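For reference, the structure is listed below as C-alpha cells.
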2 protein chains.
Amino acid sequence: MRLSVDRLREISVTLLTKHGAPTDHAHLQADLLIEAEMRGLPSHGVQRLPRVLSRIDKGLADPQASGVVSGRRPSFLAIDGERGLGPVVMMRAISELKKIVSDTGMAAAGIRNANHIGMLAYYAEAAAADGLIGIILSTSEALVHPYGGTDAMLGTNPIAIGIPTGADPFVLDLATSLVSMGKIHHHALRGEPIPPGWAVDAKGRPTTDADAAKNGAIAPFGDAKGYGLGLAVELMVSALAGSAFAPEVHGTLDETHPANKGDLVILIDLAAGAGSSNALSTYLDRLRNSHPLNSERPVSIPGDGARSRRAASIAAGIDLPEELFNELHALAAA
Amino acid sequence: MRLSVDRLREISVTLLTKHGAPTDHAHLQADLLIEAEMRGLPSHGVQRLPRVLSRIDKGLADPQASGVVSGRRPSFLAIDGERGLGPVVMMRAISELKKIVSDTGMAAAGIRNANHIGMLAYYAEAAAADGLIGIILSTSEALVHPYGGTDAMLGTNPIAIGIPTGADPFVLDLATSLVSMGKIHHHALRGEPIPPGWAVDAKGRPTTDADAAKNGAIAPFGDAKGYGLGLAVELMVSALAGSAFAPEVHGTLDETHPANKGDLVILIDLAAGAGSSNALSTYLDRLRNSHPLNSERPVSIPGDGARSRRAASIAAGIDLPEELFNELHALAAA
C-alpha cells in the first residue's frame, strides 16, 4: 500500500487529535513517526501509532503535557515529562536549552517520566540545523547482556550525535546493542536462524534460534567497548534524569505501564569553539572520496544514507504494509 | 627490572625537572606516565618519557606553559595550550572548569596546541573523584580507516567517561580503533600474524601480515557504529578545539613537529541531576553479580580491572624492561 508522505501525515495527525492531542502536539508526534518511515526505519514509524493511541486512552500518555522543569542550574535542567508524548517533551526541552546555549555556549537536560522519544536522529538533526552540536542519549527496557555476561541487564541505550558542517549535517544514530530486538523478531517470523554471537537464550546459552533469542538477551555491539558505552549511557541518563535502570524500566513497548526510562540531551554551540564548520564539510568530502574497500560502495558518512532515503520517500511515497494501513483505517473509523 | 612506584616517580620527576619542568609540572607529567604503568598500560607509561624530554629539548613542548583561555563563554572555554605538556594543560583546564561547573552544572573546554595528554582514564577519574561526570575526547595522527574504506583518515580518537557512584567510580577509556598500532607493532616484533579484520596494508588490501599492517590502516572497532563514533570524536574535537584533522595531525608520536591534535573535556555536576549516586553503585553491583558467560570470569565493570592492577603495582612494584631502565639511567647521567 503506497501512500504519499502528506497523506500519511494527515492520517496520523487526525488520529492523534481525535485521541486528545492538541494540534501542535499531534503534528510533532506524527512528524517523528513519519520522518522515521521516510528514512527507511519502519520500526520507529507509524507501526508505533496504534500503541501511542492506546497509551493515551489508558492515561499512560498525556497528550496535552509538555513537561516541567523540576530542577534548574544555569546550564542544566532536570525535567519531569509529566507522562507527555516523548517528542513533545524532548522538543520542548531542546527549545528551552537553545535559549540557554546562545548565552552559555552549552547546556543539557535530563528528562524522566516522558514517553518514547522515537528516532533519536530527529533531535540530532534539529540541533545541527541551528548550528549546535546535539548529543542525545536514551534508555530502554533490559534487552542487552553485559560483555562476558548472559542476563538482560542493559537497555539498547541509543546514542545520537548531530554536528553542523558547512554542508549537510553529520547525523549519527546508533543503538549500543549489536542488533535490534525487532530484527530478531523478523528472523523468528520468517523461521530463519540468527548469526552466532547475536544473542543468548533465556537460560543464557549462546543461540542461533531466533525464537529462543526473543526471550533471551542481545549482545552489545563491539564487544567490551560497546558494552562500556552502553553502560555509560545507562549510568549517565539514570543519574541525570533520575530515571529507572533497565531491569525496572517499563512503558516503552508495552501498554500497561507508565514510561520510567530516561533521556539526556546535551547541546553545544559550534560558534563557541575555535574551529570552522566549513573545515568539517571539506574533511567529510575527503572521506567520501577516499578509497573504498569495494569499488562499487563509496565511503559513506553517517546521515548520508538516511538523507537519500528521505528524498526518495518524498518523491515516491511510503510503502505501508496492507495490514497496518487497515489497522489505521479501522482506528480512524472507530 | 622491578622498581617501586616511588622510585620510578623519583626518576621521572628528576629527569623532567632537569629538562626545565617546574616541580609541579614535572610531578603531573610523571604521574600520568606512572599511573598508566600501574594500570598495566605500558604503551602510555614511562617508555614515553624519553620522547617527552626530547620534545622539550627541541622546543616542541614548553614545560613551563599551562595554556591560556583564548575564547570564553559562561560554560565553554577555548584553550590555547601554548605547546604545554598535555597533562599540565588538561589538568589546568579541568581546574578552571570545576569552578564554573559548581555554579552552572556543566561546562566544557576545547584544547588545541597542547602535547599528548596520555591515558585519558586519569582525567575521567579526576572528574569522578570530585562528584562530576567527566567526558574526555582526544584526536591523533591518522591511523584508522573508515568503515568500508581503506585509507588511514581518522585518529584512534579515544573516549573516556568517568562517573561517580556511591562506591568506586565507573571509568571507561577506549580507543575507537579495533586495536592499537602498538599491538600491531608487538605482533610484528615477534613475527606473528595479526587476526583477519584488524588492518589493511599500504595499498588498502586486508592483511594478516603485521609488518604490512604497520604501514597501512587499522579498522575501527564495532564496524559502522565504531566508525561513526570515531568520526564524531574527530569532528567534535576539531570543531570545538580548532585542531587539525587526522591526515594533517603531527606531534603526538614523532619528535619533529609541534602537536596540532585537539582535546575536548566535558564536565557535568552529578548533583545537578535528579538521580542518586548510591543507586548507581547498587545497579553496578547487580551487574557484577549477574550470570557470567564463563563461570570463572565474573561480569566486570569498566575501571574494575585497572583498579586491581593499580593496587597490585603499589604492593609489588612495576616491571620495567631492562633496556628502558638503562635508557632512563643514561638520560639521568647525561
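Ligands are numbered from 1 in the order shown, residues from 1 within each chain, and chains are lettered A, B, ... in the order they appear in the C-alpha cells.
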Please identify all polymer residues within 6 Å of segment 167-173 of chain A, counting only C-alpha atoms, omitting same-chain residues fewer than 2 positions from it, and present them as a VMD selection string.
chain A and resid 121 159 to 165 281 302 to 303
Could you list, as a list in words, every residue within 8 Å of segment 52-60 of chain B, counting only C-alpha atoms and ignoring same-chain residues fewer than 4 positions away?
Leu15, Leu16, His19, Arg48, Arg83, Glu255, Thr256, His257, Pro258 and Ala259 of chain B
What would the file look like if the residues just selected were written as a PDB file, in the first residue's frame with N, CA, C and O atoms?
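Ended up saving to result_34.pdb:
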```pdb
ATOM      1  N   LEU B  15      64.212  13.654  36.020  1.00  0.00           N
ATOM      2  CA  LEU B  15      64.518  13.874  34.605  1.00  0.00           C
ATOM      3  C   LEU B  15      63.748  15.073  34.049  1.00  0.00           C
ATOM      4  O   LEU B  15      64.304  15.896  33.319  1.00  0.00           O
ATOM      5  N   LEU B  16      62.482  15.174  34.404  1.00  0.00           N
ATOM      6  CA  LEU B  16      61.662  16.264  33.872  1.00  0.00           C
ATOM      7  C   LEU B  16      62.135  17.621  34.401  1.00  0.00           C
ATOM      8  O   LEU B  16      62.201  18.594  33.633  1.00  0.00           O
ATOM      9  N   HIS B  19      65.190  18.807  32.714  1.00  0.00           N
ATOM     10  CA  HIS B  19      64.941  19.342  31.367  1.00  0.00           C
ATOM     11  C   HIS B  19      64.084  20.610  31.403  1.00  0.00           C
ATOM     12  O   HIS B  19      63.545  21.021  30.388  1.00  0.00           O
ATOM     13  N   ARG B  48      57.309   6.502  27.272  1.00  0.00           N
ATOM     14  CA  ARG B  48      57.085   7.760  26.553  1.00  0.00           C
ATOM     15  C   ARG B  48      57.991   8.893  27.051  1.00  0.00           C
ATOM     16  O   ARG B  48      58.072   9.949  26.430  1.00  0.00           O
ATOM     17  N   ARG B  83      51.795  24.947  23.509  1.00  0.00           N
ATOM     18  CA  ARG B  83      52.812  23.876  23.446  1.00  0.00           C
ATOM     19  C   ARG B  83      53.124  23.268  24.820  1.00  0.00           C
ATOM     20  O   ARG B  83      54.178  22.658  25.023  1.00  0.00           O
ATOM     21  N   GLU B 255      59.193  13.283  16.880  1.00  0.00           N
ATOM     22  CA  GLU B 255      59.919  14.314  17.627  1.00  0.00           C
ATOM     23  C   GLU B 255      60.380  15.441  16.716  1.00  0.00           C
ATOM     24  O   GLU B 255      61.437  16.035  16.914  1.00  0.00           O
ATOM     25  N   THR B 256      59.536  15.714  15.712  1.00  0.00           N
ATOM     26  CA  THR B 256      59.920  16.789  14.794  1.00  0.00           C
ATOM     27  C   THR B 256      58.841  17.860  14.614  1.00  0.00           C
ATOM     28  O   THR B 256      59.143  18.940  14.135  1.00  0.00           O
ATOM     29  N   HIS B 257      57.597  17.560  15.004  1.00  0.00           N
ATOM     30  CA  HIS B 257      56.516  18.513  14.761  1.00  0.00           C
ATOM     31  C   HIS B 257      55.869  18.998  16.059  1.00  0.00           C
ATOM     32  O   HIS B 257      55.743  18.231  17.014  1.00  0.00           O
ATOM     33  N   PRO B 258      55.404  20.251  16.065  1.00  0.00           N
ATOM     34  CA  PRO B 258      54.546  20.683  17.182  1.00  0.00           C
ATOM     35  C   PRO B 258      53.266  19.849  17.175  1.00  0.00           C
ATOM     36  O   PRO B 258      52.836  19.382  16.116  1.00  0.00           O
ATOM     37  N   ALA B 259      52.667  19.652  18.337  1.00  0.00           N
ATOM     38  CA  ALA B 259      51.434  18.862  18.423  1.00  0.00           C
ATOM     39  C   ALA B 259      50.252  19.721  17.974  1.00  0.00           C
ATOM     40  O   ALA B 259      50.023  20.799  18.532  1.00  0.00           O
TER      41      ALA B 259
END
```
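Compared by their closest atoms to chain B, and using only C-alpha atoms, the residues A:Ala199, A:Ala333, A:Ala316, A:Ala126 rank with A:Ala199 nearest.
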Among the residues of segment 162-300 of chain B, find those DSSP assigns to helix (DSSP H, G or I) from the backbone and print them as a VMD selection string.
chain B and resid 181 to 189 210 to 214 223 to 241 246 to 248 270 to 272 277 to 288
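Distances to Ala213 of chain B were evaluated for B:Leu143, B:Val299, B:Ala244, B:Ala78 using only C-alpha atoms, and the minimum falls at B:Leu143.
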Residues of segment 2-238 of chain B in strand (DSSP E or B), written as a VMD selection string
chain B and resid 2 to 3 62 68 to 73 76 to 80 84 106 to 112 132 to 138 144 149 154 159 to 163 170 to 174 177 199 to 200 206 to 207 217 to 218 220
What lies within 9 Å of Gly242 of chain A using only C-alpha atoms, ignoring chain neighbours under 6 positions off, as a ChimeraX atom specification?
/A:78,110-112,261-262 /B:273-276
Pick from A:Asp209, A:Glu234, A:Asn215, A:Ala65 nearest to chain B, counting only C-alpha atoms:
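Looking only at the distances to chain B, the closest residue turns out to be A:Glu234.
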Which one is closest to Leu85 of chain A: A:Glu248, A:Glu327, A:Asp62, A:Asp201? Count only C-alpha atoms.
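Closest to Leu85 of chain A of all the choices is A:Asp62.
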Contacts of segment 180-184 of chain B within 12 Å, only C-alpha atoms, excl. fewer than 2 positions in-chain, as a PyMOL selection string:
chain B and resi 41-44+140-144+152+155-158+174-178+186-195+198-201+207-221+253
Tell me which protein, DNA and RNA residues are within 6 Å of segment 86-94 of chain A, counting only C-alpha atoms, leaving out same-chain ones fewer than 2 positions away, and put them as number ranges by chain.
A: 29, 66-67, 81, 96-97, 114-117
Using Å and a single decimal, report how far atom CA of Thr282 of chain B sits from atom CA of Asn113 of chain A.
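Spanning atom CA of Asn113 of chain A to atom CA of Thr282 of chain B is a straight-line distance of 21.6 Å.
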